>>> print(open('protein_24.tsv').read())   # TSV, C-alpha atoms
chain	number	residue	atom	x	y	z
J	1	MET	CA	-22.28	-2.51	-1.92
J	2	PRO	CA	-20.05	0.08	-3.59
J	3	LYS	CA	-20.06	-0.58	-7.30
J	4	LEU	CA	-17.56	0.10	-10.07
J	5	VAL	CA	-19.88	1.41	-12.80
J	6	HIS	CA	-17.50	2.42	-15.59
J	7	GLU	CA	-13.83	2.64	-16.45
J	8	ASP	CA	-12.03	4.16	-19.41
J	9	GLU	CA	-8.58	5.60	-20.10
J	10	ASN	CA	-9.47	8.90	-18.40
J	11	CYS	CA	-11.87	8.24	-15.54
J	12	VAL	CA	-13.59	5.74	-13.27
J	13	VAL	CA	-17.21	6.01	-12.11
J	14	VAL	CA	-18.28	4.56	-8.77
J	15	GLN	CA	-21.69	4.23	-7.09
J	16	ALA	CA	-22.02	4.15	-3.30
J	17	GLY	CA	-25.62	4.02	-2.17
J	18	ALA	CA	-27.49	7.02	-3.59
J	19	GLY	CA	-24.28	8.72	-4.69
J	20	VAL	CA	-22.43	8.48	-7.99
J	21	CYS	CA	-19.04	10.07	-8.55
J	22	ALA	CA	-16.50	10.25	-11.38
J	23	LEU	CA	-12.80	10.29	-10.54
J	24	GLU	CA	-9.86	11.19	-12.75
J	25	ARG	CA	-8.05	7.96	-13.49
J	26	ALA	CA	-4.58	9.48	-13.25
J	27	ASP	CA	-4.72	10.75	-9.66
J	28	GLY	CA	-8.16	10.14	-8.15
J	29	ARG	CA	-9.33	13.77	-8.26
J	30	VAL	CA	-13.11	14.06	-8.15
J	31	ARG	CA	-14.47	15.17	-11.52
J	32	TRP	CA	-18.04	15.35	-10.22
J	33	SER	CA	-20.27	13.84	-7.56
J	34	VAL	CA	-24.07	13.71	-7.48
J	35	VAL	CA	-26.77	12.35	-5.19
J	36	LEU	CA	-29.70	10.76	-7.02
J	37	GLU	CA	-32.96	9.50	-5.57
J	38	ALA	CA	-34.95	6.54	-6.86
J	39	SER	CA	-37.85	5.12	-4.87
J	40	GLN	CA	-36.92	1.57	-5.85
J	41	GLY	CA	-33.24	2.12	-5.02
J	42	LEU	CA	-30.63	3.71	-7.25
J	43	VAL	CA	-29.19	1.56	-10.03
J	44	ALA	CA	-26.30	2.86	-12.14
J	45	GLY	CA	-25.94	0.67	-15.20
J	46	GLY	CA	-22.95	1.90	-17.17
J	47	VAL	CA	-22.13	4.47	-19.86
J	48	SER	CA	-23.56	4.94	-23.34
J	49	ARG	CA	-22.90	7.90	-25.66
J	50	GLY	CA	-21.18	9.91	-22.93
J	51	LEU	CA	-23.93	9.50	-20.33
J	52	VAL	CA	-23.90	7.48	-17.11
J	53	TRP	CA	-27.33	5.84	-17.17
J	54	THR	CA	-29.26	5.38	-13.93
J	55	ASN	CA	-32.90	4.93	-12.99
J	56	ALA	CA	-32.88	8.47	-11.57
J	57	GLY	CA	-31.52	10.26	-14.62
J	58	ALA	CA	-28.64	10.21	-17.09
J	59	VAL	CA	-25.47	11.95	-15.90
J	60	ASP	CA	-23.07	13.64	-18.32
J	61	LEU	CA	-19.76	11.81	-17.97
J	62	GLY	CA	-17.76	14.98	-18.55
J	63	THR	CA	-19.65	17.53	-16.44
J	64	GLY	CA	-21.91	15.68	-14.00
J	65	GLU	CA	-25.01	17.42	-15.36
J	66	VAL	CA	-28.10	15.29	-14.65
J	67	ARG	CA	-30.65	14.88	-17.41
J	68	GLY	CA	-34.07	13.29	-17.32
J	69	ALA	CA	-34.50	9.63	-18.18
J	70	PRO	CA	-37.33	8.02	-20.16
J	71	GLU	CA	-40.04	6.15	-18.27
J	72	ALA	CA	-38.57	2.76	-19.15
J	73	ALA	CA	-35.43	3.79	-17.27
J	74	SER	CA	-36.97	5.80	-14.41
J	75	ARG	CA	-39.32	2.94	-13.48
J	76	ALA	CA	-36.64	0.27	-13.79
J	77	ASP	CA	-35.33	-1.76	-10.89
J	78	ASN	CA	-32.36	-2.90	-12.98
J	79	LEU	CA	-30.65	-1.56	-16.08
J	80	VAL	CA	-27.47	-1.86	-18.10
J	81	ALA	CA	-26.01	0.54	-20.68
J	82	GLY	CA	-23.54	-0.12	-23.46
J	83	GLU	CA	-22.65	0.73	-27.04
J	84	GLY	CA	-25.72	2.58	-28.35
J	85	VAL	CA	-28.30	0.89	-26.11
J	86	VAL	CA	-29.84	0.96	-22.66
J	87	VAL	CA	-31.66	-2.19	-21.49
J	88	THR	CA	-33.99	-1.98	-18.49
J	89	VAL	CA	-36.12	-4.30	-16.39
J	90	VAL	CA	-39.45	-2.64	-15.55
J	91	PRO	CA	-41.61	-4.32	-12.88
J	92	ARG	CA	-45.26	-4.93	-13.75
J	93	TYR	CA	-47.94	-6.74	-11.77
J	94	GLY	CA	-47.45	-9.85	-9.70
J	95	ASP	CA	-44.41	-11.82	-10.78
J	96	ARG	CA	-44.18	-10.27	-14.24
J	97	SER	CA	-41.77	-7.64	-15.60
J	98	GLU	CA	-40.85	-6.16	-18.97
J	99	LEU	CA	-37.43	-6.15	-20.60
J	100	VAL	CA	-37.07	-2.94	-22.63
J	101	CYS	CA	-34.30	-2.01	-25.07
J	102	LEU	CA	-33.81	1.71	-25.81
J	103	GLU	CA	-31.64	3.55	-28.31
J	104	SER	CA	-29.39	5.72	-26.13
J	105	ARG	CA	-29.06	8.33	-28.91
J	106	ASN	CA	-32.68	9.49	-28.81
J	107	CYS	CA	-34.29	7.22	-26.18
J	108	SER	CA	-36.53	5.62	-28.80
J	109	GLU	CA	-37.73	2.13	-28.01
J	110	ARG	CA	-36.11	-0.65	-30.03
J	111	TRP	CA	-38.20	-3.46	-28.53
J	112	ARG	CA	-39.84	-4.69	-25.35
J	113	THR	CA	-40.90	-8.12	-24.18
J	114	GLU	CA	-42.67	-9.53	-21.14
J	115	ILE	CA	-40.60	-11.70	-18.82
J	116	ASP	CA	-40.87	-13.42	-15.46
J	117	ASP	CA	-39.66	-11.25	-12.60
J	118	PRO	CA	-35.89	-11.88	-12.65
J	119	GLY	CA	-35.43	-10.98	-8.99
J	120	THR	CA	-31.76	-10.44	-8.25
J	121	ALA	CA	-30.51	-12.22	-11.39
J	122	SER	CA	-27.69	-10.36	-13.12
J	123	LEU	CA	-28.33	-8.29	-16.25
J	124	ARG	CA	-25.41	-8.19	-18.71
J	125	LEU	CA	-24.71	-6.97	-22.22
J	126	GLY	CA	-22.83	-9.19	-24.66
J	127	ASP	CA	-21.66	-8.67	-28.23
J	128	ASN	CA	-25.17	-8.53	-29.67
J	129	GLU	CA	-27.33	-9.83	-26.86
J	130	VAL	CA	-28.44	-9.17	-23.31
J	131	SER	CA	-28.55	-11.92	-20.71
J	132	ILE	CA	-30.56	-12.36	-17.54
J	133	GLY	CA	-28.95	-14.75	-15.12
J	134	MET	CA	-26.97	-17.64	-16.55
J	135	SER	CA	-29.21	-19.01	-19.28
J	136	ASN	CA	-31.74	-16.46	-20.60
J	137	TYR	CA	-30.55	-14.48	-23.64
J	138	TYR	CA	-32.25	-11.87	-25.85
J	139	ASP	CA	-31.06	-10.57	-29.22
J	140	LEU	CA	-30.30	-6.83	-28.98
J	141	ASP	CA	-31.64	-6.09	-32.45
J	142	SER	CA	-34.94	-7.95	-32.26
J	143	GLY	CA	-35.51	-9.02	-28.66
J	144	GLN	CA	-35.77	-12.64	-29.78
J	145	TYR	CA	-35.30	-15.03	-26.87
J	146	HIS	CA	-33.12	-18.09	-26.71
J	147	LEU	CA	-32.15	-20.39	-23.88
J	148	ALA	CA	-28.47	-21.12	-23.47
J	149	LEU	CA	-27.15	-24.39	-22.10
J	150	VAL	CA	-25.58	-23.93	-18.70
J	151	ASP	CA	-22.06	-25.27	-18.32
J	152	VAL	CA	-22.01	-27.26	-15.07
J	153	SER	CA	-18.24	-27.69	-15.10
J	154	PRO	CA	-16.21	-25.74	-12.52
J	155	PRO	CA	-16.12	-22.07	-13.54
J	156	ARG	CA	-13.02	-20.80	-15.28
J	157	PRO	CA	-11.49	-17.82	-13.47
J	158	ARG	CA	-12.81	-14.61	-14.99
J	159	GLU	CA	-11.25	-11.19	-15.19
J	160	GLY	CA	-11.35	-9.42	-11.84
J	161	VAL	CA	-12.68	-12.35	-9.83
J	162	PHE	CA	-11.37	-13.00	-6.33
J	163	LEU	CA	-10.55	-16.67	-5.71
J	164	VAL	CA	-10.43	-17.93	-2.12
J	165	VAL	CA	-7.31	-20.05	-1.89
J	166	ASP	CA	-6.90	-20.46	1.88
J	167	THR	CA	-9.45	-20.49	4.69
J	168	GLU	CA	-7.33	-21.91	7.51
J	169	ALA	CA	-7.91	-20.49	10.99
J	170	GLY	CA	-10.59	-18.12	9.76
J	171	ARG	CA	-8.21	-16.36	7.39
J	172	TRP	CA	-9.09	-15.54	3.79
J	173	VAL	CA	-6.46	-15.23	1.10
J	174	ARG	CA	-7.85	-14.03	-2.20
J	175	VAL	CA	-6.15	-13.79	-5.57
J	176	VAL	CA	-7.07	-11.30	-8.28
J	177	VAL	CA	-6.84	-13.16	-11.58
J	178	ASP	CA	-6.52	-12.03	-15.17
J	179	ASP	CA	-8.86	-13.36	-17.85
J	180	ASP	CA	-6.47	-16.18	-18.71
J	181	GLY	CA	-6.60	-17.45	-15.13
J	182	THR	CA	-3.18	-16.07	-14.17
J	183	GLY	CA	-2.94	-14.64	-10.66
J	184	VAL	CA	-1.74	-11.05	-10.74
J	185	ALA	CA	-2.21	-9.86	-7.17
J	186	VAL	CA	-2.80	-11.20	-3.70
J	187	ARG	CA	-4.90	-9.77	-0.88
J	188	ALA	CA	-5.18	-11.37	2.53
J	189	PHE	CA	-7.93	-10.70	5.07
J	190	ALA	CA	-8.50	-11.62	8.71
J	191	PRO	CA	-11.81	-11.47	10.60
J	192	GLN	CA	-12.46	-8.17	12.33
J	193	GLU	CA	-14.22	-8.55	15.66
J	194	GLY	CA	-17.67	-7.00	15.91
J	195	MET	CA	-18.07	-6.50	12.17
J	196	TYR	CA	-20.18	-9.00	10.29
J	197	ASP	CA	-21.29	-7.54	6.96
J	198	ALA	CA	-17.86	-6.04	6.29
J	199	GLY	CA	-15.97	-8.13	8.79
J	200	TYR	CA	-12.54	-8.54	7.20
J	201	ARG	CA	-9.52	-6.30	7.62
J	202	GLU	CA	-6.94	-6.27	4.87
J	203	GLN	CA	-3.61	-7.71	5.98
J	204	TYR	CA	-1.59	-7.56	2.80
J	205	THR	CA	-1.87	-6.68	-0.88
J	206	SER	CA	0.85	-7.42	-3.39
J	207	GLY	CA	1.69	-4.61	-5.76
J	208	GLU	CA	1.94	-0.84	-5.48
J	209	GLU	CA	-0.88	1.50	-4.53
J	210	LEU	CA	-0.93	4.27	-7.14
J	211	TRP	CA	-3.46	6.41	-5.26
J	212	SER	CA	-6.32	6.17	-2.79
J	213	VAL	CA	-9.24	8.54	-2.25
J	214	PRO	CA	-12.13	8.60	0.24
J	215	LEU	CA	-15.64	7.95	-1.00
J	216	GLU	CA	-18.69	9.33	0.76
J	217	ALA	CA	-21.01	6.49	1.72
J	218	ARG	CA	-24.26	8.06	0.65
J	219	PRO	CA	-27.56	7.24	2.39
J	220	GLY	CA	-28.69	3.71	1.69
J	221	SER	CA	-25.28	2.30	0.90
J	222	VAL	CA	-24.24	-1.08	2.25
J	223	VAL	CA	-20.49	-1.08	2.70
J	224	ALA	CA	-18.63	-4.24	1.77
J	225	ILE	CA	-15.28	-5.23	0.34
J	226	ASP	CA	-15.22	-5.37	-3.44
J	227	SER	CA	-12.63	-5.38	-6.20
J	228	ALA	CA	-12.34	-5.49	-9.95
J	229	LEU	CA	-9.36	-5.85	-12.22
J	230	GLY	CA	-9.07	-2.81	-14.46
J	231	LYS	CA	-10.12	-3.21	-18.07
J	232	GLN	CA	-7.60	-0.59	-19.16
J	233	GLY	CA	-4.18	-2.12	-18.66
J	234	SER	CA	-3.10	-4.41	-15.85
J	235	SER	CA	-4.17	-2.30	-12.88
J	236	PHE	CA	-7.05	-3.04	-10.53
J	237	TRP	CA	-9.42	-1.20	-8.22
J	238	VAL	CA	-10.24	-1.92	-4.60
J	239	VAL	CA	-13.19	-0.55	-2.62
J	240	ASP	CA	-12.93	-1.23	1.11
J	241	LEU	CA	-12.91	0.17	4.65
J	242	ASP	CA	-10.05	1.49	6.74
J	243	ASP	CA	-9.83	0.92	10.51
J	244	SER	CA	-12.07	3.92	11.23
J	245	GLY	CA	-14.85	2.64	8.98
J	246	ALA	CA	-14.21	5.16	6.20
J	247	LEU	CA	-14.79	4.02	2.63
J	248	TYR	CA	-11.94	4.29	0.12
J	249	LEU	CA	-11.31	3.60	-3.54
J	250	SER	CA	-7.73	2.56	-4.31
J	251	HIS	CA	-5.96	2.13	-7.63
J	252	TRP	CA	-3.29	-0.57	-7.64
J	253	GLN	CA	-0.53	-1.76	-9.91
J	254	PRO	CA	-0.31	-5.55	-9.42
J	255	GLY	CA	2.69	-7.33	-8.02
J	256	PRO	CA	3.48	-11.05	-8.21
J	257	ALA	CA	0.81	-13.41	-6.91
>>> encode(input="protein_24.tsv", output="structure tokens")
Amino acid sequence: MPKLVHEDENCVVVQAGAGVCALERADGRVRWSVVLEASQGLVAGGVSRGLVWTNAGAVDLGTGEVRGAPEAASRADNLVAGEGVVVTVVPRYGDRSELVCLESRNCSERWRTEIDDPGTASLRLGDNEVSIGMSNYYDLDSGQYHLALVDVSPPRPREGVFLVVDTEAGRWVRVVVDDDGTGVAVRAFAPQEGMYDAGYREQYTSGEELWSVPLEARPGSVVAIDSALGKQGSSFWVVDLDDSGALYLSHWQPGPA
């Protein structure tokens, strides 16, 4: 699935399969585009200290120059980068893995700890912790583990989440919501015959499209519809297909939900 890797006031970084590209936020011009190979599948985990960290190298956010990555990153099958740190999941033997925290400034190891293979569980950075899945948390300074209680109440709408509000007659209507739960844009989809993995054609989106640019679906990419509400201001991004099957990234200014 195409992935929004990073967003700031100047650019947006997107991964599509084995390709990573940076686009100028203002107009969608390509700043740089690279193809990276990782035997375990490319994972781009965010930006730290001006570098886009992946398991196939660290890419300079300004120039697109690819630099080598330490072993804990190059052998990772998942990683996430943030303020001053890169956290990776390195597979070991059987159902065991290691969680490794690196200083992004000099790639020195801050800590590592053995964990059960997390599989496809999400890896996220918090204020001073990294989480695996919904309940496993590790302190970023020490690696100390603690188990968080899982809230079983209905989830509160989160920033950038699509909510399905109508499924009548095979039609999906999805609402992009802000972090306070307020709907800020509407997109409607209808099934597209003969397409299963990406089988929905956009019917309507509220708001104004600021710009749209094609993305090259690099080898290994699985194309699907995705969206995220922008962290910088009240705009949002959409990655989807046109009628010809081409992949596009669009930047939208929301309209009323």
>>> closest_residue(input="protein_24.tsv", among="J:Leu249, J:Val89, J:Gly28, J:Trp211", to="Lys3 of chain J", atoms="only C-alpha atoms")
J:Leu249
>>> closest_residue(input="protein_24.tsv", among="J:Ala148, J:Val87, J:Ala73, J:Cys21", to="Arg110 of chain J", atoms="only C-alpha atoms")
J:Val87
>>> atom_distance(input="protein_24.tsv", atom1="atom CA of Arg31 of chain J", atom2="atom CA of Gly126 of chain J")
28.9 Å
>>> closest_residue(input="protein_24.tsv", among="J:Val5, J:Ala76, J:Gly82, J:Glu129", to="Asp117 of chain J", atoms="all atoms listed in the file")
J:Ala76
>>> closest_residue(input="protein_24.tsv", among="J:Thr63, J:Asn106, J:Thr113, J:Ser97", to="Asp139 of chain J", atoms="all atoms listed in the file")
J:Thr113
>>> closest_residue(input="protein_24.tsv", among="J:Met134, J:Ile115, J:Leu140, J:Val34", to="Val85 of chain J", atoms="only C-alpha atoms")
J:Leu140
>>> atom_distance(input="protein_24.tsv", atom1="atom CA of Glu109 of chain J", atom2="atom CA of Thr88 of chain J")
11.0 Å
>>> atom_distance(input="protein_24.tsv", atom1="atom CA of Ala69 of chain J", atom2="atom CA of Ala56 of chain J")
6.9 Å
>>> closest_residue(input="protein_24.tsv", among="J:Leu102, J:Ile132, J:Leu42, J:Val213", to="Ala22 of chain J", atoms="all atoms listed in the file")
J:Val213
>>> axis_aligned_box(input="protein_24.tsv", around="segment 46-60 of chain J", padding_each_side="6 Å", output="JSON")
{"center_x": -27.0, "center_y": 7.8, "center_z": -18.6, "size_x": 23.7, "size_y": 23.7, "size_z": 26.1}
>>> residues_near_point(input="protein_24.tsv", point="(-44.6, -12.1, -9.1)", cutoff="8 Å", atoms="only C-alpha atoms", output="VMD selection string")
chain J and resid 93 to 96 116 to 117
>>> build_atoms(input="protein_24.tsv", residues="segment 114-134 of chain J", atoms="N, CA and C atoms", output="mmCIF file, in the frame of the given file")
data_model
loop_
_atom_site.group_PDB
_atom_site.id
_atom_site.type_symbol
_atom_site.label_atom_id
_atom_site.label_comp_id
_atom_site.auth_asym_id
_atom_site.auth_seq_id
_atom_site.Cartn_x
_atom_site.Cartn_y
_atom_site.Cartn_z
ATOM 1 N N GLU J 114 -42.272 -9.177 -22.501
ATOM 2 C CA GLU J 114 -42.670 -9.530 -21.140
ATOM 3 C C GLU J 114 -41.844 -10.719 -20.665
ATOM 4 N N ILE J 115 -41.431 -10.648 -19.397
ATOM 5 C CA ILE J 115 -40.600 -11.700 -18.820
ATOM 6 C C ILE J 115 -41.077 -12.003 -17.403
ATOM 7 N N ASP J 116 -40.668 -13.144 -16.877
ATOM 8 C CA ASP J 116 -40.870 -13.420 -15.460
ATOM 9 C C ASP J 116 -39.993 -12.473 -14.648
ATOM 10 N N ASP J 117 -40.463 -12.104 -13.475
ATOM 11 C CA ASP J 117 -39.660 -11.250 -12.600
ATOM 12 C C ASP J 117 -38.305 -11.904 -12.372
ATOM 13 N N PRO J 118 -37.200 -11.249 -12.786
ATOM 14 C CA PRO J 118 -35.890 -11.880 -12.650
ATOM 15 C C PRO J 118 -35.311 -11.827 -11.252
ATOM 16 N N GLY J 119 -35.966 -11.085 -10.346
ATOM 17 C CA GLY J 119 -35.430 -10.980 -8.990
ATOM 18 C C GLY J 119 -34.062 -10.335 -8.986
ATOM 19 N N THR J 120 -33.113 -10.990 -8.346
ATOM 20 C CA THR J 120 -31.760 -10.440 -8.250
ATOM 21 C C THR J 120 -30.822 -10.986 -9.320
ATOM 22 N N ALA J 121 -31.355 -11.670 -10.320
ATOM 23 C CA ALA J 121 -30.510 -12.220 -11.390
ATOM 24 C C ALA J 121 -29.748 -11.095 -12.091
ATOM 25 N N SER J 122 -28.526 -11.365 -12.475
ATOM 26 C CA SER J 122 -27.690 -10.360 -13.120
ATOM 27 C C SER J 122 -28.210 -10.019 -14.511
ATOM 28 N N LEU J 123 -27.972 -8.775 -14.915
ATOM 29 C CA LEU J 123 -28.330 -8.290 -16.250
ATOM 30 C C LEU J 123 -27.042 -7.846 -16.919
ATOM 31 N N ARG J 124 -26.693 -8.479 -18.060
ATOM 32 C CA ARG J 124 -25.410 -8.190 -18.710
ATOM 33 C C ARG J 124 -25.584 -8.033 -20.209
ATOM 34 N N LEU J 125 -24.752 -7.144 -20.777
ATOM 35 C CA LEU J 125 -24.710 -6.970 -22.220
ATOM 36 C C LEU J 125 -23.577 -7.793 -22.798
ATOM 37 N N GLY J 126 -23.862 -8.486 -23.924
ATOM 38 C CA GLY J 126 -22.830 -9.190 -24.660
ATOM 39 C C GLY J 126 -22.589 -8.523 -25.991
ATOM 40 N N ASP J 127 -21.989 -9.247 -26.928
ATOM 41 C CA ASP J 127 -21.660 -8.670 -28.230
ATOM 42 C C ASP J 127 -22.898 -8.169 -28.952
ATOM 43 N N ASN J 128 -23.924 -8.981 -29.041
ATOM 44 C CA ASN J 128 -25.170 -8.530 -29.670
ATOM 45 C C ASN J 128 -26.367 -9.139 -28.954
ATOM 46 N N GLU J 129 -26.250 -9.243 -27.632
ATOM 47 C CA GLU J 129 -27.330 -9.830 -26.860
ATOM 48 C C GLU J 129 -27.270 -9.325 -25.427
ATOM 49 N N VAL J 130 -28.373 -9.480 -24.730
ATOM 50 C CA VAL J 130 -28.440 -9.170 -23.310
ATOM 51 C C VAL J 130 -28.864 -10.439 -22.590
ATOM 52 N N SER J 131 -28.241 -10.700 -21.451
ATOM 53 C CA SER J 131 -28.550 -11.920 -20.710
ATOM 54 C C SER J 131 -29.110 -11.582 -19.346
ATOM 55 N N ILE J 132 -30.019 -12.441 -18.897
ATOM 56 C CA ILE J 132 -30.560 -12.360 -17.540
ATOM 57 C C ILE J 132 -30.185 -13.662 -16.851
ATOM 58 N N GLY J 133 -29.416 -13.548 -15.788
ATOM 59 C CA GLY J 133 -28.950 -14.750 -15.120
ATOM 60 C C GLY J 133 -27.971 -15.512 -16.000
ATOM 61 N N MET J 134 -27.960 -16.821 -15.866
ATOM 62 C CA MET J 134 -26.970 -17.640 -16.550
ATOM 63 C C MET J 134 -27.443 -18.189 -17.888
#
